[in-house]
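**Q** Below you'll find the structure I mean.
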Amino acid sequence: MTQGESRQRVRVELGTRSYDIDIGPGLVASAGEILSDLIVRPRVFIITDETVAKIHLGNLTAGLSSAGVAVETFEIPPGEASKSFAHLEQTLAWLLAHGAGRDDMLIAFGGGVVGDLAGLSAALMKRGMTLVQVPTTLLAQVDSSVGGKTAINMPQGKNLVGTFYQPIRVLADTDMLTTLPERELRAGYAEIVKYGLIDDADFFDWLEDNGTDVLALEPGAIAQAVAVSCAAKARIVAADEREAGQRALLNLGHTFGHALEAANQYRPDLLHGEAVGFGLSLACRYSTRLGLMNESAAERARQVLELGGLETRLSACPGGPYAAADLVHHMRQDKKARGAHVPLILTRGIGQAFIHPEADFTDVEHFLSEERSGL
Ligand code: NAD
Ligand code: GLY
């Protein structure tokens with residue numbers, strides 16, 4: 001990771017598919033100049049959502065046109081429903097209608113929904129066109145724009161159809177975050193806390209002191225938090241791009257979190273990052289129950305999440321109270337499952353997460369019943 005005042009660069013090392021993540025203010029306004037070496041035609045394709053288009057598209061278009069690059073733009077409705085087969089088909093049809101080829105650049109300009117749909121479109125288009133991620137939510141800047149996972153949802157579940165397809169560059173412009181609703185900021189903050197809990201106790205300590213500055217978008221603090229998060233993700237992805245092992249650590253808190261989202265039928269009163277906030281706290285508390293993590297460390301984890309305005313107590317989860325058996329039913333559907341065996345990411349302390357090979361769901365259900373009644 002290289003550091004300036006509030007501009008930073010992180011490299012994802014993947015051999016010939018390595019790429020840089022630029023982080024800091026003003027990147028969108030200079031996109032044409034920054035991407036000039038990577039643009040082989042004087043025209044790029046942008047996929048965005050209607051909300052981001054209204055607020056920020058003019059800025060990106062101007063940034064590209066000042067370097068002589070024209071744009072074609074496709075807008076999708078904001079929200080998870082756009083990660084569908086129907087929208088994938090429309091996006092691919094639009095690219096074909098405009099004569100997109102392999103060496104054309106597709107820019108995903110938006111949150112994780114746009115990034116996942118545009119990423120999958122780029123992977124499929126003529127077996128792969130050039131992809132640049134320009135994430136505009138905090139969650140997308142610290143997580144979904146990095147690492148190459150792309151997906152759409154199916155009636156059978158979330159993210160069930162997708163590919164691994166890496167971008168050639170990521171521009172995480174922290175100016176974009178100033179227009180983000182507070183709840184969306186908090187949702188991204190949960191993923192930032194996750195990186196401290198996984199393997200970076202120093203970063204966790206830093207968040208205890210600087211978490212409020214991060215959420216206030218203090219320029220140095222937000223750039224530092226995004227850069228450390230991206231560096232953590234880059235390290236794990238470089239070691240295990242296709243999730244054969246270690247990459248599962250990035251799912252800390254997610255098996256519990258996904259179960260809450262599924263039990264709540266993905267209603268918008270519980271955002272993914274909010275569910276991850278509950279999930280991280282539950283993973284720590286369950287680790288304490290198993291004698292792996294001491295109680296004071298689990299309490300610190302809860303406090304850092306609550307410092308960011310996230311709820312952590314299961315009894316306060318929107319859409320609840322959920323039956324423990326129902327949550328366990330959803331946990332068993334986890335994508336990491338191998339047959340009946342479902343691994344669970346647990347932790348021995350702050351920064352000491354590990355992959356527990358097989359969850360004991362009878363015990364998990366007892367634990368969740370107790371958490372549900374706030375014992
Ligand atoms: P999102 O893309 O739905 O964006 C959230 C909302 O914020 C939307 O309404 C959007 O229009 C709005 N928005 C975006 N940028 C804005 C800005 N700068 N100012 C104002 N409003 C803005 O949600 P998200 O949280 O970014 O992403 C969630 C998605 O990411 C989920 O589909 C999830 O499955 C996926 N995801 C993917 C990965 C991965 O590795 N590929 C990882 C985590 C999550
Ligand atoms: N968001 C988890 C991963 O990219 O693996």
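Note on naming: chains are A, B, ... as they come in the structure tokens, residues start from 1 per chain, ligands start from 1 in the order shown.
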Identify, on the basis of only C-alpha atoms, every residue whose closest approach to Leu160 in chain A does not exceed 9 Å; exclude the query and any residue fewer than 6 positions from it along the same chain; express the result as number ranges by chain.
**A** A: 151-154, 335
**Q** Can you spit out the residues from that selection as a compact mmCIF listing (two decimals), in the first residue's frame, using N, CA, C and O atoms?
**A**
# COMPACT_ATOMS: atom_id res chain seq x y z
N ALA A 151 -22.05 -11.56 -9.97
CA ALA A 151 -23.20 -12.46 -9.81
C ALA A 151 -24.52 -11.77 -10.09
O ALA A 151 -24.63 -10.54 -10.02
N ILE A 152 -25.51 -12.60 -10.38
CA ILE A 152 -26.91 -12.18 -10.32
C ILE A 152 -27.62 -13.12 -9.35
O ILE A 152 -27.09 -14.17 -8.98
N ASN A 153 -28.82 -12.71 -8.95
CA ASN A 153 -29.63 -13.54 -8.05
C ASN A 153 -30.59 -14.41 -8.87
O ASN A 153 -30.93 -14.07 -10.01
N MET A 154 -31.02 -15.49 -8.28
CA MET A 154 -32.01 -16.37 -8.91
C MET A 154 -33.16 -16.55 -7.93
O MET A 154 -33.00 -16.28 -6.74
N LYS A 335 -23.31 -21.10 0.98
CA LYS A 335 -22.60 -21.54 -0.25
C LYS A 335 -21.29 -22.26 0.07
O LYS A 335 -20.74 -22.95 -0.77
**Q** Please, which residues in range 276-351 of chain A fall within 6 Å of range 184-202 of chain A when counting only C-alpha atoms, and what is the closest atom pair and distance in Å to one decimal for each, ordered by chain then residue number, as a Markdown table?
**A**
| residue | atom | partner | partner_atom | distance |
| --- | --- | --- | --- | --- |
| A:Gly277 | CA | A:Ala190 | CA | 5.3 |
| A:Ile350 | CA | A:Leu197 | CA | 5.0 |
| A:Gly351 | CA | A:Asp199 | CA | 3.7 |
**Q** Quick one: residues within 10 Å of Thr179 in chain A, only C-alpha atoms, excluding same-chain residues fewer than 6 positions away - as a CSV table (one decimal) with all heavy atoms, in the first residue's frame?
**A**
chain,number,residue,atom,x,y,z
A,52,VAL,N,-27.3,6.9,-8.9
A,52,VAL,CA,-25.9,7.4,-9.1
A,52,VAL,C,-25.8,8.2,-10.4
A,52,VAL,O,-25.1,9.3,-10.3
A,52,VAL,CB,-25.0,6.1,-9.2
A,52,VAL,CG1,-23.6,6.6,-9.5
A,52,VAL,CG2,-25.1,5.3,-7.9
A,55,ILE,N,-26.8,11.8,-9.7
A,55,ILE,CA,-26.0,12.6,-8.8
A,55,ILE,C,-24.5,12.8,-9.4
A,55,ILE,O,-24.0,13.8,-9.3
A,55,ILE,CB,-25.8,12.0,-7.4
A,55,ILE,CG1,-27.2,11.7,-6.8
A,55,ILE,CG2,-25.1,12.9,-6.5
A,55,ILE,CD1,-27.2,10.9,-5.5
A,56,HIS,N,-24.0,11.7,-10.0
A,56,HIS,CA,-22.6,11.7,-10.3
A,56,HIS,C,-22.2,11.5,-11.7
A,56,HIS,O,-21.0,11.6,-12.0
A,56,HIS,CB,-21.9,10.6,-9.4
A,56,HIS,CG,-21.9,10.9,-7.9
A,56,HIS,ND1,-21.3,12.0,-7.3
A,56,HIS,CD2,-22.5,10.3,-6.9
A,56,HIS,CE1,-21.5,12.0,-6.0
A,56,HIS,NE2,-22.3,11.0,-5.7
A,136,THR,N,-19.2,3.4,-5.9
A,136,THR,CA,-19.7,4.6,-5.3
A,136,THR,C,-20.3,4.5,-3.9
A,136,THR,O,-20.8,5.5,-3.3
A,136,THR,CB,-20.8,5.3,-6.2
A,136,THR,OG1,-21.9,4.4,-6.3
A,136,THR,CG2,-20.2,5.6,-7.6
A,137,THR,N,-20.4,3.2,-3.4
A,137,THR,CA,-20.8,3.1,-2.0
A,137,THR,C,-19.6,2.6,-1.2
A,137,THR,O,-18.6,2.1,-1.7
A,137,THR,CB,-21.9,2.0,-1.8
A,137,THR,OG1,-21.4,0.7,-2.2
A,137,THR,CG2,-23.2,2.3,-2.7
A,185,LEU,N,-23.7,4.1,4.5
A,185,LEU,CA,-22.4,4.3,5.1
A,185,LEU,C,-22.1,3.3,6.2
A,185,LEU,O,-21.0,2.7,6.2
A,185,LEU,CB,-22.2,5.7,5.6
A,185,LEU,CG,-21.6,6.8,4.8
A,185,LEU,CD1,-21.4,8.1,5.6
A,185,LEU,CD2,-20.2,6.4,4.2
**Q** Could you tell me, counting only C-alpha atoms and all ligand atoms, which protein and nucleic acid residues lie no more than 6 Å from ligand 1, written as a list of chain:residue names?
**A**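 After applying the 6 Å limit, what remains is A:Asp49, A:Thr51, A:Val52, A:Pro78, A:Gly79, A:Glu80, A:Gly110, A:Gly111, A:Gly112, A:Val113, A:Val114, A:Asp116, A:Thr136, A:Thr137, A:Leu139, A:Ala140, A:Asp143, A:Ser144, A:Lys149, A:Thr150, A:Met176, A:Leu177, A:Thr179, A:Leu180.
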**Q** Could you build a table of the residues in chain A lying no more than 10 Å from ligand 2, giving for each the nearest pair of atoms and their separation in Å rounded to one decimal place, using only C-alpha atoms and all ligand atoms, ordered by chain and ascending residue number, as CSV?
**A**
residue,atom,partner,partner_atom_place_in_ligand_line,distance
A:Leu139,CA,ligand 2,1 (N),9.7
A:Ala140,CA,ligand 2,1 (N),9.6
A:Val142,CA,ligand 2,1 (N),9.4
A:Asp143,CA,ligand 2,1 (N),5.8
A:Ser144,CA,ligand 2,1 (N),6.0
A:Ser145,CA,ligand 2,4 (O),8.6
A:Val146,CA,ligand 2,4 (O),7.2
A:Gly147,CA,ligand 2,4 (O),5.7
A:Gly148,CA,ligand 2,4 (O),7.3
A:Lys149,CA,ligand 2,4 (O),6.0
A:Thr150,CA,ligand 2,4 (O),9.2
A:Phe164,CA,ligand 2,4 (O),9.7
A:Glu191,CA,ligand 2,1 (N),8.9
A:Lys233,CA,ligand 2,4 (O),7.6
A:Ala234,CA,ligand 2,4 (O),9.7
A:Ile236,CA,ligand 2,5 (O),8.7
A:Val237,CA,ligand 2,5 (O),7.5
A:Asp240,CA,ligand 2,5 (O),9.4
A:Glu241,CA,ligand 2,5 (O),8.4
A:Arg242,CA,ligand 2,5 (O),8.5
A:Glu243,CA,ligand 2,5 (O),7.0
A:Gln246,CA,ligand 2,5 (O),9.5
A:Arg247,CA,ligand 2,5 (O),5.7
A:Ala248,CA,ligand 2,5 (O),6.5
A:Leu249,CA,ligand 2,5 (O),8.0
A:Leu250,CA,ligand 2,2 (C),5.1
A:Asn251,CA,ligand 2,2 (C),5.9
A:Leu252,CA,ligand 2,2 (C),9.2
A:His254,CA,ligand 2,2 (C),8.9
**Q** Store the residues of this selection in a file with N, CA and C atoms, as a PDB file, in the first residue's frame.
**A**
ATOM      1  N   LEU A 139     -19.555   0.196   0.918  1.00  0.00           N
ATOM      2  CA  LEU A 139     -19.475  -1.263   0.858  1.00  0.00           C
ATOM      3  C   LEU A 139     -18.777  -1.715  -0.425  1.00  0.00           C
ATOM      4  N   ALA A 140     -19.107  -1.076  -1.528  1.00  0.00           N
ATOM      5  CA  ALA A 140     -18.482  -1.463  -2.803  1.00  0.00           C
ATOM      6  C   ALA A 140     -16.998  -1.080  -2.807  1.00  0.00           C
ATOM      7  N   VAL A 142     -14.920  -1.019  -0.234  1.00  0.00           N
ATOM      8  CA  VAL A 142     -14.079  -1.847   0.643  1.00  0.00           C
ATOM      9  C   VAL A 142     -14.262  -3.335   0.396  1.00  0.00           C
ATOM     10  N   ASP A 143     -15.218  -3.684  -0.451  1.00  0.00           N
ATOM     11  CA  ASP A 143     -15.475  -5.119  -0.592  1.00  0.00           C
ATOM     12  C   ASP A 143     -15.805  -5.523  -2.033  1.00  0.00           C
ATOM     13  N   SER A 144     -16.995  -5.152  -2.526  1.00  0.00           N
ATOM     14  CA  SER A 144     -17.490  -5.829  -3.733  1.00  0.00           C
ATOM     15  C   SER A 144     -16.751  -5.476  -5.020  1.00  0.00           C
ATOM     16  N   SER A 145     -16.089  -4.312  -5.071  1.00  0.00           N
ATOM     17  CA  SER A 145     -15.414  -3.942  -6.330  1.00  0.00           C
ATOM     18  C   SER A 145     -14.058  -4.626  -6.465  1.00  0.00           C
ATOM     19  N   VAL A 146     -13.609  -5.267  -5.402  1.00  0.00           N
ATOM     20  CA  VAL A 146     -12.275  -5.863  -5.361  1.00  0.00           C
ATOM     21  C   VAL A 146     -12.406  -7.378  -5.266  1.00  0.00           C
ATOM     22  N   GLY A 147     -11.651  -8.097  -6.057  1.00  0.00           N
ATOM     23  CA  GLY A 147     -11.605  -9.546  -5.865  1.00  0.00           C
ATOM     24  C   GLY A 147     -12.286 -10.363  -6.938  1.00  0.00           C
ATOM     25  N   GLY A 148     -13.092  -9.706  -7.796  1.00  0.00           N
ATOM     26  CA  GLY A 148     -13.544 -10.385  -9.001  1.00  0.00           C
ATOM     27  C   GLY A 148     -14.800 -11.224  -8.895  1.00  0.00           C
ATOM     28  N   LYS A 149     -15.485 -11.217  -7.747  1.00  0.00           N
ATOM     29  CA  LYS A 149     -16.743 -11.975  -7.723  1.00  0.00           C
ATOM     30  C   LYS A 149     -17.814 -11.168  -8.436  1.00  0.00           C
ATOM     31  N   THR A 150     -18.530 -11.819  -9.353  1.00  0.00           N
ATOM     32  CA  THR A 150     -19.646 -11.171 -10.050  1.00  0.00           C
ATOM     33  C   THR A 150     -20.844 -12.100  -9.920  1.00  0.00           C
ATOM     34  N   PHE A 164     -15.897 -15.606 -11.524  1.00  0.00           N
ATOM     35  CA  PHE A 164     -14.790 -14.800 -11.002  1.00  0.00           C
ATOM     36  C   PHE A 164     -14.246 -14.052 -12.218  1.00  0.00           C
ATOM     37  N   GLU A 191     -18.371  -3.847   7.116  1.00  0.00           N
ATOM     38  CA  GLU A 191     -17.371  -4.648   6.381  1.00  0.00           C
ATOM     39  C   GLU A 191     -15.948  -4.184   6.740  1.00  0.00           C
ATOM     40  N   LYS A 233      -8.263  -7.259   1.762  1.00  0.00           N
ATOM     41  CA  LYS A 233      -8.967  -8.113   0.799  1.00  0.00           C
ATOM     42  C   LYS A 233      -8.002  -8.562  -0.298  1.00  0.00           C
ATOM     43  N   ALA A 234      -7.151  -7.635  -0.761  1.00  0.00           N
ATOM     44  CA  ALA A 234      -6.198  -7.967  -1.830  1.00  0.00           C
ATOM     45  C   ALA A 234      -5.278  -9.119  -1.401  1.00  0.00           C
ATOM     46  N   ILE A 236      -5.862 -11.513   0.772  1.00  0.00           N
ATOM     47  CA  ILE A 236      -6.580 -12.786   0.854  1.00  0.00           C
ATOM     48  C   ILE A 236      -6.927 -13.296  -0.547  1.00  0.00           C
ATOM     49  N   VAL A 237      -7.340 -12.375  -1.418  1.00  0.00           N
ATOM     50  CA  VAL A 237      -7.701 -12.774  -2.789  1.00  0.00           C
ATOM     51  C   VAL A 237      -6.460 -13.263  -3.540  1.00  0.00           C
ATOM     52  N   ASP A 240      -5.848 -16.783  -2.564  1.00  0.00           N
ATOM     53  CA  ASP A 240      -6.899 -17.778  -2.806  1.00  0.00           C
ATOM     54  C   ASP A 240      -8.022 -17.153  -3.634  1.00  0.00           C
ATOM     55  N   GLU A 241      -7.711 -16.897  -4.908  1.00  0.00           N
ATOM     56  CA  GLU A 241      -8.661 -16.148  -5.749  1.00  0.00           C
ATOM     57  C   GLU A 241     -10.023 -16.830  -5.825  1.00  0.00           C
ATOM     58  N   ARG A 242     -10.013 -18.165  -5.946  1.00  0.00           N
ATOM     59  CA  ARG A 242     -11.279 -18.857  -6.232  1.00  0.00           C
ATOM     60  C   ARG A 242     -11.908 -19.530  -5.017  1.00  0.00           C
ATOM     61  N   GLU A 243     -11.529 -19.063  -3.849  1.00  0.00           N
ATOM     62  CA  GLU A 243     -12.154 -19.517  -2.599  1.00  0.00           C
ATOM     63  C   GLU A 243     -12.025 -21.021  -2.386  1.00  0.00           C
ATOM     64  N   GLN A 246      -8.689 -20.155   2.110  1.00  0.00           N
ATOM     65  CA  GLN A 246      -8.567 -18.970   2.958  1.00  0.00           C
ATOM     66  C   GLN A 246      -9.559 -17.837   2.650  1.00  0.00           C
ATOM     67  N   ARG A 247      -9.973 -17.707   1.402  1.00  0.00           N
ATOM     68  CA  ARG A 247     -10.874 -16.592   1.055  1.00  0.00           C
ATOM     69  C   ARG A 247     -12.167 -16.643   1.868  1.00  0.00           C
ATOM     70  N   ALA A 248     -12.509 -17.846   2.339  1.00  0.00           N
ATOM     71  CA  ALA A 248     -13.726 -17.973   3.151  1.00  0.00           C
ATOM     72  C   ALA A 248     -13.657 -17.105   4.413  1.00  0.00           C
ATOM     73  N   LEU A 249     -12.442 -16.733   4.831  1.00  0.00           N
ATOM     74  CA  LEU A 249     -12.325 -15.854   6.010  1.00  0.00           C
ATOM     75  C   LEU A 249     -13.089 -14.550   5.814  1.00  0.00           C
ATOM     76  N   LEU A 250     -13.185 -14.113   4.542  1.00  0.00           N
ATOM     77  CA  LEU A 250     -13.908 -12.868   4.241  1.00  0.00           C
ATOM     78  C   LEU A 250     -15.385 -12.993   4.582  1.00  0.00           C
ATOM     79  N   ASN A 251     -15.796 -14.229   4.871  1.00  0.00           N
ATOM     80  CA  ASN A 251     -17.187 -14.459   5.239  1.00  0.00           C
ATOM     81  C   ASN A 251     -17.423 -14.399   6.744  1.00  0.00           C
ATOM     82  N   LEU A 252     -16.446 -13.912   7.496  1.00  0.00           N
ATOM     83  CA  LEU A 252     -16.670 -13.759   8.939  1.00  0.00           C
ATOM     84  C   LEU A 252     -17.968 -12.968   9.160  1.00  0.00           C
ATOM     85  N   HIS A 254     -20.801 -13.560   8.075  1.00  0.00           N
ATOM     86  CA  HIS A 254     -21.748 -13.616   6.959  1.00  0.00           C
ATOM     87  C   HIS A 254     -22.702 -14.814   7.032  1.00  0.00           C
TER      88      HIS A 254
END
